[in-house]
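upload.csv follows; it contains CSV, C-alpha atoms and all ligand atoms.
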chain,number,residue,atom,x,y,z
A,1,MET,CA,-203.8,-141.3,91.1
A,2,ALA,CA,-206.8,-139.1,91.5
A,3,SER,CA,-205.1,-137.8,94.6
A,4,CYS,CA,-202.8,-135.7,92.5
A,5,TRP,CA,-205.9,-133.9,91.3
A,6,TRP,CA,-207.0,-133.2,94.8
A,7,ARG,CA,-203.6,-131.9,95.7
A,8,TRP,CA,-203.8,-129.5,92.7
A,9,ARG,CA,-207.3,-128.6,93.5
A,10,ARG,CA,-206.5,-127.9,97.0
A,11,GLY,CA,-203.6,-125.7,95.8
A,12,CYS,CA,-206.0,-123.8,93.6
A,13,SER,CA,-207.6,-121.7,96.3
A,14,TRP,CA,-210.2,-119.5,94.7
A,15,ARG,CA,-208.1,-116.4,95.2
A,16,PRO,CA,-208.5,-113.1,93.4
A,17,ALA,CA,-206.9,-113.7,90.1
A,18,ALA,CA,-204.2,-111.1,90.4
A,19,ARG,CA,-202.4,-111.4,93.7
A,20,SER,CA,-199.4,-109.3,94.3
A,21,PRO,CA,-196.6,-110.7,96.4
A,22,GLY,CA,-195.8,-109.2,99.7
A,23,PRO,CA,-192.8,-106.9,99.5
A,24,GLY,CA,-189.7,-108.6,100.6
A,25,SER,CA,-191.3,-111.9,101.3
A,26,PRO,CA,-188.6,-114.6,101.0
A,27,GLY,CA,-188.4,-116.5,97.7
A,28,ARG,CA,-190.7,-114.1,95.9
A,29,ALA,CA,-189.9,-111.3,93.4
A,30,GLY,CA,-191.3,-108.0,94.7
A,31,LEU,CA,-192.9,-105.5,92.4
A,32,SER,CA,-190.0,-103.2,92.8
A,33,GLY,CA,-187.8,-106.0,91.5
A,34,LEU,CA,-190.2,-106.5,88.6
A,35,ARG,CA,-190.0,-102.9,87.7
A,36,ALA,CA,-186.3,-102.9,87.8
A,37,ALA,CA,-186.3,-106.0,85.6
A,38,ALA,CA,-188.6,-104.3,83.2
A,39,ALA,CA,-186.3,-101.4,83.0
A,40,ALA,CA,-183.4,-103.7,82.3
A,41,VAL,CA,-185.2,-105.6,79.7
A,42,ALA,CA,-186.5,-102.6,77.8
A,43,ARG,CA,-183.8,-100.3,76.7
A,44,ALA,CA,-186.4,-97.8,75.6
A,45,GLN,CA,-190.0,-97.6,76.5
A,46,MET,CA,-192.4,-99.3,74.1
A,47,SER,CA,-195.3,-97.0,73.5
A,48,TYR,CA,-198.7,-98.1,74.8
A,49,PHE,CA,-200.0,-97.6,71.3
A,50,ASN,CA,-197.5,-100.0,69.8
A,51,LEU,CA,-198.2,-102.6,72.5
A,52,VAL,CA,-201.9,-102.5,71.6
A,53,LYS,CA,-201.0,-102.7,67.9
A,54,SER,CA,-198.7,-105.7,68.3
A,55,LEU,CA,-201.1,-107.6,70.5
A,56,THR,CA,-204.2,-107.1,68.3
A,57,SER,CA,-202.4,-107.8,65.1
A,58,ALA,CA,-201.1,-111.1,66.5
A,59,PHE,CA,-204.6,-112.0,67.7
A,60,PRO,CA,-207.1,-110.0,65.7
A,61,ASN,CA,-210.1,-111.4,67.6
A,62,MET,CA,-208.8,-109.9,70.8
A,63,TYR,CA,-210.2,-106.7,72.1
A,64,SER,CA,-208.1,-103.7,72.6
A,65,ILE,CA,-205.7,-104.1,75.5
A,66,SER,CA,-207.2,-100.9,77.0
A,67,ARG,CA,-210.2,-103.0,77.9
A,68,PHE,CA,-208.2,-105.0,80.3
A,69,HIS,CA,-207.7,-102.0,82.5
A,70,HIS,CA,-211.4,-101.7,83.2
A,71,MET,CA,-212.0,-105.3,84.0
A,72,THR,CA,-212.4,-106.4,87.6
A,73,PRO,CA,-209.8,-109.1,88.7
A,74,ALA,CA,-212.7,-111.5,89.3
A,75,VAL,CA,-212.6,-114.6,87.2
A,76,CYS,CA,-215.0,-115.4,84.4
A,77,CYS,CA,-218.6,-115.8,85.4
A,78,CYS,CA,-219.0,-119.4,84.3
A,79,SER,CA,-218.8,-121.7,87.2
A,80,LYS,CA,-222.5,-122.7,87.1
A,81,THR,CA,-223.4,-125.7,85.2
A,82,GLN,CA,-225.4,-125.0,82.0
A,83,SER,CA,-226.1,-128.5,81.0
A,84,GLY,CA,-228.8,-129.1,83.5
A,85,GLU,CA,-227.3,-132.5,84.4
A,86,LYS,CA,-225.8,-133.4,87.8
A,87,TYR,CA,-222.5,-131.7,87.9
A,88,THR,CA,-219.3,-133.4,89.1
A,89,ASP,CA,-215.9,-131.9,89.8
A,90,PRO,CA,-214.1,-131.5,86.4
A,91,PHE,CA,-211.0,-133.4,87.5
A,92,ASN,CA,-213.1,-136.4,88.8
A,93,LEU,CA,-215.1,-136.3,85.6
A,94,GLY,CA,-211.9,-136.4,83.4
A,95,TRP,CA,-210.1,-138.9,85.6
A,96,ARG,CA,-212.8,-141.5,85.0
A,97,ASP,CA,-211.3,-142.1,81.6
A,98,LEU,CA,-207.7,-141.8,82.7
A,99,LYS,CA,-207.4,-144.5,85.3
A,100,GLY,CA,-204.1,-146.3,84.7
A,101,LEU,CA,-202.7,-143.3,82.7
A,102,TYR,CA,-199.2,-143.6,83.9
A,103,GLU,CA,-199.1,-147.4,83.9
A,104,ASP,CA,-200.2,-147.3,80.2
A,105,ILE,CA,-197.6,-144.7,79.4
A,106,ARG,CA,-194.9,-146.8,80.9
A,107,LYS,CA,-196.1,-149.7,78.8
A,108,GLU,CA,-195.7,-147.5,75.7
A,109,LEU,CA,-192.2,-146.7,76.7
A,110,PHE,CA,-191.2,-150.4,76.6
A,111,ILE,CA,-187.5,-150.0,77.2
A,112,SER,CA,-185.3,-152.9,78.4
A,113,THR,CA,-182.1,-150.9,79.3
A,114,THR,CA,-182.5,-150.3,83.1
A,115,GLU,CA,-180.9,-146.8,83.2
A,116,LEU,CA,-182.8,-145.5,80.1
A,117,LYS,CA,-186.0,-147.0,81.4
A,118,GLU,CA,-185.6,-145.3,84.8
A,119,MET,CA,-184.9,-141.9,83.1
A,120,CYS,CA,-187.8,-142.1,80.7
A,121,GLU,CA,-190.2,-143.2,83.5
A,122,TYR,CA,-188.9,-140.6,85.9
A,123,TYR,CA,-191.6,-138.0,85.4
A,124,PHE,CA,-194.5,-140.5,84.8
A,125,ASP,CA,-194.8,-140.8,88.6
A,126,GLY,CA,-198.2,-139.2,89.0
A,127,LYS,CA,-196.8,-135.9,90.4
A,128,GLY,CA,-197.7,-133.8,87.4
A,129,LYS,CA,-201.0,-132.1,87.1
A,130,ALA,CA,-202.0,-134.1,84.0
A,131,PHE,CA,-203.8,-131.0,82.9
A,132,ARG,CA,-203.4,-131.9,79.2
A,133,PRO,CA,-204.8,-135.4,79.4
A,134,ILE,CA,-207.8,-134.2,81.4
A,135,ILE,CA,-208.7,-131.5,78.9
A,136,VAL,CA,-208.3,-134.0,76.1
A,137,VAL,CA,-210.7,-136.7,77.5
A,138,LEU,CA,-213.2,-134.0,78.5
A,139,MET,CA,-213.1,-132.5,75.0
A,140,ALA,CA,-213.4,-136.0,73.5
A,141,ARG,CA,-216.6,-136.7,75.5
A,142,ALA,CA,-218.0,-133.2,74.8
A,143,CYS,CA,-217.5,-133.7,71.1
A,144,ASN,CA,-218.9,-137.2,71.0
A,145,ILE,CA,-222.0,-136.1,72.9
A,146,HIS,CA,-222.3,-133.1,70.6
A,147,HIS,CA,-222.1,-135.3,67.5
A,148,ASN,CA,-224.3,-138.3,68.3
A,149,ASN,CA,-224.9,-138.2,72.0
A,150,SER,CA,-222.4,-141.0,72.5
A,151,ARG,CA,-221.4,-141.5,76.1
A,152,ASN,CA,-218.1,-143.3,75.3
A,153,VAL,CA,-214.6,-142.2,74.8
A,154,GLN,CA,-213.0,-144.2,72.0
A,155,ALA,CA,-209.7,-146.0,72.6
A,156,SER,CA,-208.0,-143.8,70.0
A,157,GLN,CA,-209.2,-140.6,71.8
A,158,ARG,CA,-207.8,-141.9,75.1
A,159,ALA,CA,-204.6,-142.6,73.3
A,160,ILE,CA,-204.3,-139.0,72.3
A,161,ALA,CA,-204.4,-138.1,76.0
A,162,LEU,CA,-201.4,-140.4,76.6
A,163,ILE,CA,-199.6,-139.1,73.6
A,164,ALA,CA,-200.2,-135.4,74.6
A,165,GLU,CA,-198.7,-136.1,78.1
A,166,MET,CA,-195.7,-137.9,76.5
A,167,ILE,CA,-195.0,-135.1,74.1
A,168,HIS,CA,-195.3,-132.6,77.0
A,169,THR,CA,-193.0,-134.6,79.2
A,170,ALA,CA,-190.4,-135.1,76.4
A,171,SER,CA,-190.4,-131.3,75.9
A,172,LEU,CA,-190.0,-130.7,79.6
A,173,VAL,CA,-186.9,-133.0,79.7
A,174,HIS,CA,-185.4,-131.1,76.8
A,175,ASP,CA,-186.4,-127.7,78.2
A,176,ASP,CA,-184.6,-128.5,81.4
A,177,VAL,CA,-181.4,-129.2,79.5
A,178,ILE,CA,-181.7,-126.0,77.6
A,179,ASP,CA,-182.4,-124.0,80.8
A,180,ASP,CA,-179.9,-126.0,82.8
A,181,ALA,CA,-182.7,-126.4,85.4
A,182,ASN,CA,-182.1,-128.1,88.7
A,183,SER,CA,-185.6,-129.0,89.8
A,184,ARG,CA,-189.0,-129.8,88.5
A,185,ARG,CA,-192.1,-131.0,90.3
A,186,GLY,CA,-190.2,-130.8,93.5
A,187,LYS,CA,-187.4,-133.2,92.5
A,188,HIS,CA,-184.1,-133.0,90.7
A,189,THR,CA,-184.3,-132.8,86.9
A,190,VAL,CA,-183.3,-135.7,84.7
A,191,ASN,CA,-180.3,-133.6,83.5
A,192,LYS,CA,-179.1,-133.0,87.0
A,193,ILE,CA,-179.2,-136.7,87.9
A,194,TRP,CA,-178.0,-138.3,84.7
A,195,GLY,CA,-176.4,-135.5,82.8
A,196,GLU,CA,-177.3,-133.5,79.8
A,197,LYS,CA,-176.4,-135.9,77.1
A,198,LYS,CA,-178.4,-138.8,78.5
A,199,ALA,CA,-181.3,-136.4,79.3
A,200,VAL,CA,-181.5,-135.3,75.6
A,201,LEU,CA,-181.6,-139.0,74.6
A,202,ALA,CA,-184.3,-139.8,77.2
A,203,GLY,CA,-186.5,-136.9,75.8
A,204,ASP,CA,-185.9,-138.3,72.3
A,205,LEU,CA,-187.0,-141.8,73.4
A,206,ILE,CA,-190.2,-140.5,75.0
A,207,LEU,CA,-191.0,-138.6,71.9
A,208,SER,CA,-190.4,-141.6,69.6
A,209,ALA,CA,-192.6,-143.7,71.8
A,210,ALA,CA,-195.3,-141.1,71.5
A,211,SER,CA,-194.8,-141.1,67.7
A,212,ILE,CA,-195.2,-144.9,67.6
A,213,ALA,CA,-198.4,-144.7,69.6
A,214,LEU,CA,-199.7,-141.9,67.3
A,215,ALA,CA,-198.9,-144.0,64.1
A,216,ARG,CA,-200.8,-146.9,65.7
A,217,ILE,CA,-204.0,-144.9,65.7
A,218,GLY,CA,-203.8,-145.1,61.9
A,219,ASN,CA,-205.4,-141.8,61.1
A,220,THR,CA,-203.3,-139.6,58.8
A,221,ALA,CA,-205.2,-136.4,59.6
A,222,VAL,CA,-204.5,-136.9,63.3
A,223,VAL,CA,-200.9,-137.8,62.7
A,224,SER,CA,-200.5,-134.5,60.8
A,225,ILE,CA,-202.3,-132.5,63.5
A,226,LEU,CA,-200.1,-133.8,66.3
A,227,THR,CA,-196.8,-133.7,64.4
A,228,GLN,CA,-197.5,-129.9,63.9
A,229,VAL,CA,-197.2,-129.7,67.7
A,230,ILE,CA,-193.7,-131.1,67.6
A,231,GLU,CA,-192.7,-128.5,65.0
A,232,ASP,CA,-194.3,-125.8,67.0
A,233,LEU,CA,-192.6,-126.8,70.2
A,234,VAL,CA,-189.2,-126.7,68.6
A,235,ARG,CA,-189.9,-123.4,66.8
A,236,GLY,CA,-191.3,-121.9,70.1
A,237,GLU,CA,-188.2,-122.9,72.0
A,238,PHE,CA,-186.1,-121.5,69.2
A,239,LEU,CA,-188.1,-118.2,69.3
A,240,GLN,CA,-187.4,-118.1,73.0
A,241,LEU,CA,-183.6,-118.3,72.3
A,242,GLY,CA,-183.9,-115.1,70.3
A,243,SER,CA,-185.3,-111.7,71.1
A,244,LYS,CA,-186.7,-108.8,69.1
A,245,GLU,CA,-184.6,-105.7,68.9
A,246,ASN,CA,-187.7,-103.9,67.5
A,247,GLU,CA,-189.8,-103.1,70.4
A,248,ASN,CA,-193.0,-103.1,68.3
A,249,GLU,CA,-192.5,-106.8,67.6
A,250,ARG,CA,-191.6,-107.8,71.2
A,251,PHE,CA,-195.0,-108.5,72.4
A,252,ALA,CA,-196.1,-110.3,69.2
A,253,HIS,CA,-192.9,-112.4,69.5
A,254,TYR,CA,-193.8,-113.3,73.1
A,255,LEU,CA,-197.4,-114.3,72.2
A,256,GLU,CA,-196.2,-116.4,69.2
A,257,LYS,CA,-193.6,-118.1,71.4
A,258,THR,CA,-196.3,-118.7,74.0
A,259,PHE,CA,-198.7,-120.3,71.4
A,260,LYS,CA,-196.0,-122.5,70.0
A,261,LYS,CA,-194.5,-123.6,73.3
A,262,THR,CA,-197.7,-124.3,75.2
A,263,ALA,CA,-201.0,-123.6,73.5
A,264,SER,CA,-200.3,-125.6,70.3
A,265,LEU,CA,-200.1,-128.9,72.1
A,266,ILE,CA,-203.4,-128.3,73.9
A,267,ALA,CA,-205.1,-126.8,70.8
A,268,ASN,CA,-204.1,-129.6,68.5
A,269,SER,CA,-204.7,-132.4,71.0
A,270,CYS,CA,-208.3,-131.1,71.4
A,271,LYS,CA,-208.6,-130.9,67.6
A,272,ALA,CA,-207.3,-134.5,67.2
A,273,VAL,CA,-209.9,-136.0,69.5
A,274,SER,CA,-212.6,-133.9,67.8
A,275,VAL,CA,-211.5,-135.3,64.4
A,276,LEU,CA,-211.7,-138.8,65.8
A,277,GLY,CA,-215.1,-138.3,67.3
A,278,CYS,CA,-217.0,-136.1,64.9
A,279,PRO,CA,-216.8,-135.4,61.1
A,280,ASP,CA,-217.9,-131.8,61.3
A,281,PRO,CA,-215.0,-129.2,60.7
A,282,VAL,CA,-217.0,-126.6,62.6
A,283,VAL,CA,-216.6,-128.8,65.7
A,284,HIS,CA,-212.9,-129.3,65.0
A,285,GLU,CA,-212.4,-125.5,64.9
A,286,ILE,CA,-214.3,-125.1,68.2
A,287,ALA,CA,-212.1,-127.7,69.9
A,288,TYR,CA,-208.9,-126.1,68.5
A,289,GLN,CA,-210.0,-122.6,69.5
A,290,TYR,CA,-210.9,-123.7,73.0
A,291,GLY,CA,-207.5,-125.4,73.4
A,292,LYS,CA,-205.6,-122.5,72.0
A,293,ASN,CA,-207.2,-119.9,74.2
A,294,VAL,CA,-207.0,-122.0,77.4
A,295,GLY,CA,-203.4,-122.9,76.5
A,296,LEU,CA,-202.4,-119.2,76.1
A,297,ALA,CA,-204.1,-118.3,79.4
A,298,PHE,CA,-202.4,-121.3,81.1
A,299,GLN,CA,-198.9,-120.1,80.0
A,300,LEU,CA,-199.6,-116.4,80.8
A,301,ILE,CA,-200.6,-117.5,84.4
A,302,ASP,CA,-197.5,-119.7,84.5
A,303,ASP,CA,-195.4,-116.6,83.7
A,304,VAL,CA,-197.2,-114.7,86.4
A,305,LEU,CA,-196.6,-117.5,88.9
A,306,ASP,CA,-192.9,-117.4,88.0
A,307,PHE,CA,-193.0,-113.9,89.6
A,308,THR,CA,-195.6,-114.3,92.4
A,309,SER,CA,-195.2,-117.8,93.7
A,310,CYS,CA,-192.4,-119.4,95.7
A,311,SER,CA,-190.3,-122.4,94.6
A,312,ASP,CA,-191.8,-124.7,97.2
A,313,GLN,CA,-195.3,-124.1,95.9
A,314,MET,CA,-194.3,-124.6,92.2
A,315,GLY,CA,-191.9,-127.5,92.7
A,316,LYS,CA,-189.4,-125.7,90.5
A,317,PRO,CA,-187.3,-122.5,90.8
A,318,THR,CA,-189.3,-119.3,90.5
A,319,SER,CA,-188.1,-116.0,88.9
A,320,ALA,CA,-186.5,-118.5,86.5
A,321,ASP,CA,-187.5,-116.6,83.4
A,322,LEU,CA,-185.9,-113.4,84.7
A,323,LYS,CA,-182.7,-115.2,85.6
A,324,LEU,CA,-182.6,-116.6,82.0
A,325,GLY,CA,-183.1,-113.1,80.7
A,326,LEU,CA,-186.5,-113.9,79.3
A,327,ALA,CA,-189.1,-111.1,79.0
A,328,THR,CA,-192.5,-112.7,79.7
A,329,GLY,CA,-195.9,-110.9,80.0
A,330,PRO,CA,-195.3,-109.4,83.4
A,331,VAL,CA,-192.1,-107.8,82.3
A,332,LEU,CA,-193.4,-106.7,78.9
A,333,PHE,CA,-196.4,-105.1,80.5
A,334,ALA,CA,-194.4,-103.6,83.3
A,335,CYS,CA,-192.4,-101.7,80.6
A,336,GLN,CA,-195.6,-99.8,80.0
A,337,GLN,CA,-197.7,-99.8,83.1
A,338,SER,CA,-197.5,-100.0,86.8
A,339,ASP,CA,-198.6,-103.6,87.3
A,340,GLY,CA,-197.3,-106.2,84.8
A,341,VAL,CA,-198.6,-109.1,86.9
A,342,GLN,CA,-202.1,-107.7,86.9
A,343,GLN,CA,-202.1,-106.8,83.3
A,344,THR,CA,-200.9,-110.3,82.3
A,345,THR,CA,-203.6,-111.8,84.4
A,346,TYR,CA,-206.2,-109.6,82.7
A,347,LEU,CA,-204.9,-110.8,79.3
A,348,ALA,CA,-205.2,-114.4,80.5
A,349,GLN,CA,-208.8,-113.7,81.5
A,350,ARG,CA,-209.6,-112.5,78.0
A,351,TYR,CA,-208.2,-115.7,76.5
A,352,CYS,CA,-210.3,-117.7,79.0
A,353,ARG,CA,-213.4,-115.8,78.0
A,354,GLU,CA,-212.8,-116.6,74.4
A,355,ALA,CA,-212.3,-120.2,75.3
A,356,VAL,CA,-215.6,-120.3,77.1
A,357,ARG,CA,-217.3,-118.5,74.2
A,358,GLU,CA,-216.0,-121.2,71.8
A,359,ILE,CA,-216.8,-124.3,73.9
A,360,SER,CA,-220.3,-122.9,74.6
A,361,LYS,CA,-221.2,-123.6,71.0
A,362,LEU,CA,-221.2,-127.3,71.7
A,363,ARG,CA,-224.3,-129.1,72.9
A,364,PRO,CA,-224.7,-128.9,76.7
A,365,SER,CA,-223.1,-131.7,78.6
A,366,PRO,CA,-221.3,-132.2,82.0
A,367,GLU,CA,-218.0,-132.5,80.1
A,368,ARG,CA,-218.6,-129.2,78.2
A,369,ASP,CA,-219.3,-127.5,81.6
A,370,ALA,CA,-216.3,-129.1,83.1
A,371,LEU,CA,-214.2,-127.5,80.3
A,372,ILE,CA,-215.8,-124.2,81.1
A,373,GLN,CA,-214.9,-124.6,84.8
A,374,LEU,CA,-211.3,-125.7,83.9
A,375,SER,CA,-210.8,-122.4,82.1
A,376,GLU,CA,-211.5,-120.7,85.5
A,377,ILE,CA,-209.2,-123.0,87.3
A,378,VAL,CA,-206.4,-122.0,84.8
A,379,LEU,CA,-206.9,-118.5,86.0
A,380,THR,CA,-207.0,-119.1,89.7
A,381,ARG,CA,-204.4,-121.8,90.1
A,382,ASP,CA,-201.4,-121.0,92.3
A,383,LYS,CA,-199.1,-123.8,91.3
B,401,LIG,C1,-190.6,-131.9,71.1
B,401,LIG,C2,-189.1,-133.1,72.7
B,401,LIG,C3,-189.5,-131.9,72.0
B,401,LIG,C4,-188.8,-130.8,72.3
B,401,LIG,C5,-189.2,-129.5,71.8
B,401,LIG,C6,-187.6,-128.0,74.5
B,401,LIG,C7,-188.7,-127.9,73.6
B,401,LIG,C8,-188.4,-128.3,72.2
B,401,LIG,C9,-189.9,-127.4,74.0
B,401,LIG,C10,-190.2,-127.0,75.4
B,401,LIG,C11,-191.6,-126.6,75.5
B,401,LIG,C12,-191.9,-126.4,77.0
B,401,LIG,C13,-191.2,-127.2,78.0
B,401,LIG,C14,-192.9,-125.6,77.3
B,401,LIG,C15,-193.2,-125.3,78.7
B,401,LIG,C16,-194.7,-125.5,78.9
B,401,LIG,C17,-195.2,-125.5,80.3
B,401,LIG,C18,-196.0,-124.3,80.8
B,401,LIG,C19,-194.9,-126.5,81.1
B,401,LIG,C20,-195.4,-126.6,82.5
B,401,LIG,O1,-196.6,-127.3,82.4
B,401,LIG,P1,-197.4,-127.8,83.7
B,401,LIG,O2,-197.5,-126.7,84.7
B,401,LIG,O3,-196.3,-128.9,84.2
B,401,LIG,O4,-198.6,-128.5,83.2
B,401,LIG,P2,-196.7,-130.3,85.0
B,401,LIG,O5,-195.4,-130.4,85.8
B,401,LIG,O6,-197.9,-130.1,85.9
B,401,LIG,O7,-196.9,-131.3,83.9
What do you get writing this file as structure tokens?
Ligand code: GRG
Amino acid sequence: MASCWWRWRRGCSWRPAARSPGPGSPGRAGLSGLRAAAAAVARAQMSYFNLVKSLTSAFPNMYSISRFHHMTPAVCCCSKTQSGEKYTDPFNLGWRDLKGLYEDIRKELFISTTELKEMCEYYFDGKGKAFRPIIVVLMARACNIHHNNSRNVQASQRAIALIAEMIHTASLVHDDVIDDANSRRGKHTVNKIWGEKKAVLAGDLILSAASIALARIGNTAVVSILTQVIEDLVRGEFLQLGSKENENERFAHYLEKTFKKTASLIANSCKAVSVLGCPDPVVHEIAYQYGKNVGLAFQLIDDVLDFTSCSDQMGKPTSADLKLGLATGPVLFACQQSDGVQQTTYLAQRYCREAVREISKLRPSPERDALIQLSEIVLTRDK
């Protein structure tokens, strides 16, 4: 299973964070296409001032967008270990607690009907990045060490990693139905193989299995933290179905959708393991803020990769957002400026810096440093 990490790691060449696609390269959207799309999306130009205003009012702790222009494309300066302990690759470190992850998820699914079982297990094949479970177990260990120097991950904390991956996968199955997607992770989607109706039911079943596992933990605070994620996912998807006529609100709408669709799951899963490992609300907030900021950066880079990467690399169709008529960061920025891809990457960098600032408040540990390094990998990944 660890091999999937290495595949991802190998894919994550430490490239400059904002890489523009070669003009006319097959399977890639050129910048001219991006600009044309931007023009189509924006009926009138949203003023630079309004963009700054909408961004900073949605996230008051962010600096003015004008500061992105003056940053170098280099990633955050945080790859050195700060804990003083022997440093291991963050994926290896996280994977120690995740051995048997997919086997354990399949046990949670516990379905007797052959077809439904096959559908529900379809994505638990070890081909995903398991980015969420890795962050969750690293955060669990970082919080436990911070609290009482405990070197163990509790069973309930590991269960959160499984539950996060199950909620994520259920949402992917549903998302592919909504988007009528053909491929994901380099293979046909559930909806393409079994049809939309059955795909919706498979997503429901994965979500219900996740809910049963969550209830079994028996901590009402944790139940309420993770059920918030489900509400956010639905609301985020709903936000994506609509758009803002008012251009001032368009960027705030995009960031809110991004938080709800992607960052909420990471933020709240991090918070859940912190609650299970440590009674201090300050630590819960650190865990939440780290997850939120990394999650936002992750999705912004996902939106960039939708423009700059090719389908083979991503294992799913690229330029998909554009084809669905969705204005993501690269298009919204391109309405204003010459390089939407680069500006979106700069914004992701700012979120990662914030994530690093938050997690650095915890006591030094290899796991804390791995979380710092993961925030860099979010920026430099190319799949
Ligand atoms: C709660 C079942 C349920 C549905 C809620 C459809 C929906 C409503 C929400 C969709 C949310 C969604 C699919 C967001 C996309 C987030 C995203 C960036 C996914 C890609 O994540 P990766 O790159 O994928 O980690 P892998 O394949 O590596 O797991």
For this session: Residues within 8 Å of ligand LIG 401 (chain B), counting only C-alpha atoms and all ligand atoms: report them as an NGL selection string.
Result: :A and (127-132 or 165 or 167-176 or 178 or 184-185 or 203-204 or 206-207 or 229-238 or 261-262 or 298-299 or 302 or 383)
Exercise. In Å to one decimal, how far is atom CA of Glu285 of chain A from atom CA of Ser224 of chain A?
Worked result: 15.5 Å
Exercise. Mind pulling up the distance from atom CA of Tyr102 of chain A to atom CA of Leu205 of chain A?
Worked result: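 Distance reported for this atom pair: 16.2 Å.
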Exercise. Which is closer to Ala320 of chain A than all the others in A:Pro281, A:Phe91, A:Asp179, A:Ser243, using all atoms listed in the file?
Worked result: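 Checking each of A:Pro281, A:Phe91, A:Asp179, A:Ser243 against Ala320 of chain A, counting all atoms listed in the file, the winner is A:Asp179.
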Problem set entry | Spatial neighbours of Val190 of chain A, max dist 8 Å, all atoms listed in the file, sep filter under 6 positions, as an MDAnalysis selection string | chainID A and resid 119 122 173 199
Problem set entry | Length of the atom CA of Asp369 of chain A to atom CA of Arg96 of chain A vector [Å] |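 Straight-line distance from atom CA of Asp369 of chain A to atom CA of Arg96 of chain A works out to 15.8 Å.
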Exercise. Which is closest to Asn149 of chain A among A:Gln228, A:Ser365, A:Thr189, A:Thr328, if we use only C-alpha atoms?
Worked result: A:Ser365
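Closest approach to Val136 of chain A among A:Arg151, A:Lys260, A:Arg350, A:Lys271: A:Lys271, based on all atoms listed in the file.
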Exercise. Within 9 Å of Leu296 of chain A, counting only C-alpha atoms, which residues qualify if same-chain residues fewer than 5 places away don't, as JSON, numbers by chain?
Worked result: {"A": [255, 258, 259, 262, 263, 264, 291, 301, 348, 351, 352]}
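Distance check against Asn148 of chain A using all atoms listed in the file: of A:Leu101, A:Val304, A:Cys278, A:Cys120, the minimum falls on A:Cys278.
Counting all atoms listed in the file, the residue from A:Pro279, A:Thr345, A:Phe251, A:Ala287 that sits nearest to Thr308 of chain A is A:Thr345.
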For this session: Just the residues within 12 Å of His188 of chain A, please, counting all atoms listed in the file, with nothing from its chain fewer than 4 positions along; format it as a list in words.
Result: Met119, Tyr122, Tyr123, Val173, Asp176, Asp180, Ala181, Asn182, Ser183, Arg184, Lys192, Ile193, Trp194, Gly195, Gly315, Lys316 and Pro317 of chain A
Problem set entry | 9 Å contact set for Leu116 of chain A, all atoms listed in the file, chain neighbours under 3 positions out, as a list in words |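 Answer for this query is Ile111, Ser112, Thr113, Met119, Cys120, Glu121, Lys198, Leu201, Ala202 and Leu205 of chain A.
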Problem set entry | A:Asn293, A:Gln373, A:Ser274, A:Gln343 ranked by distance to Cys143 of chain A, top pick (using only C-alpha atoms) | A:Ser274
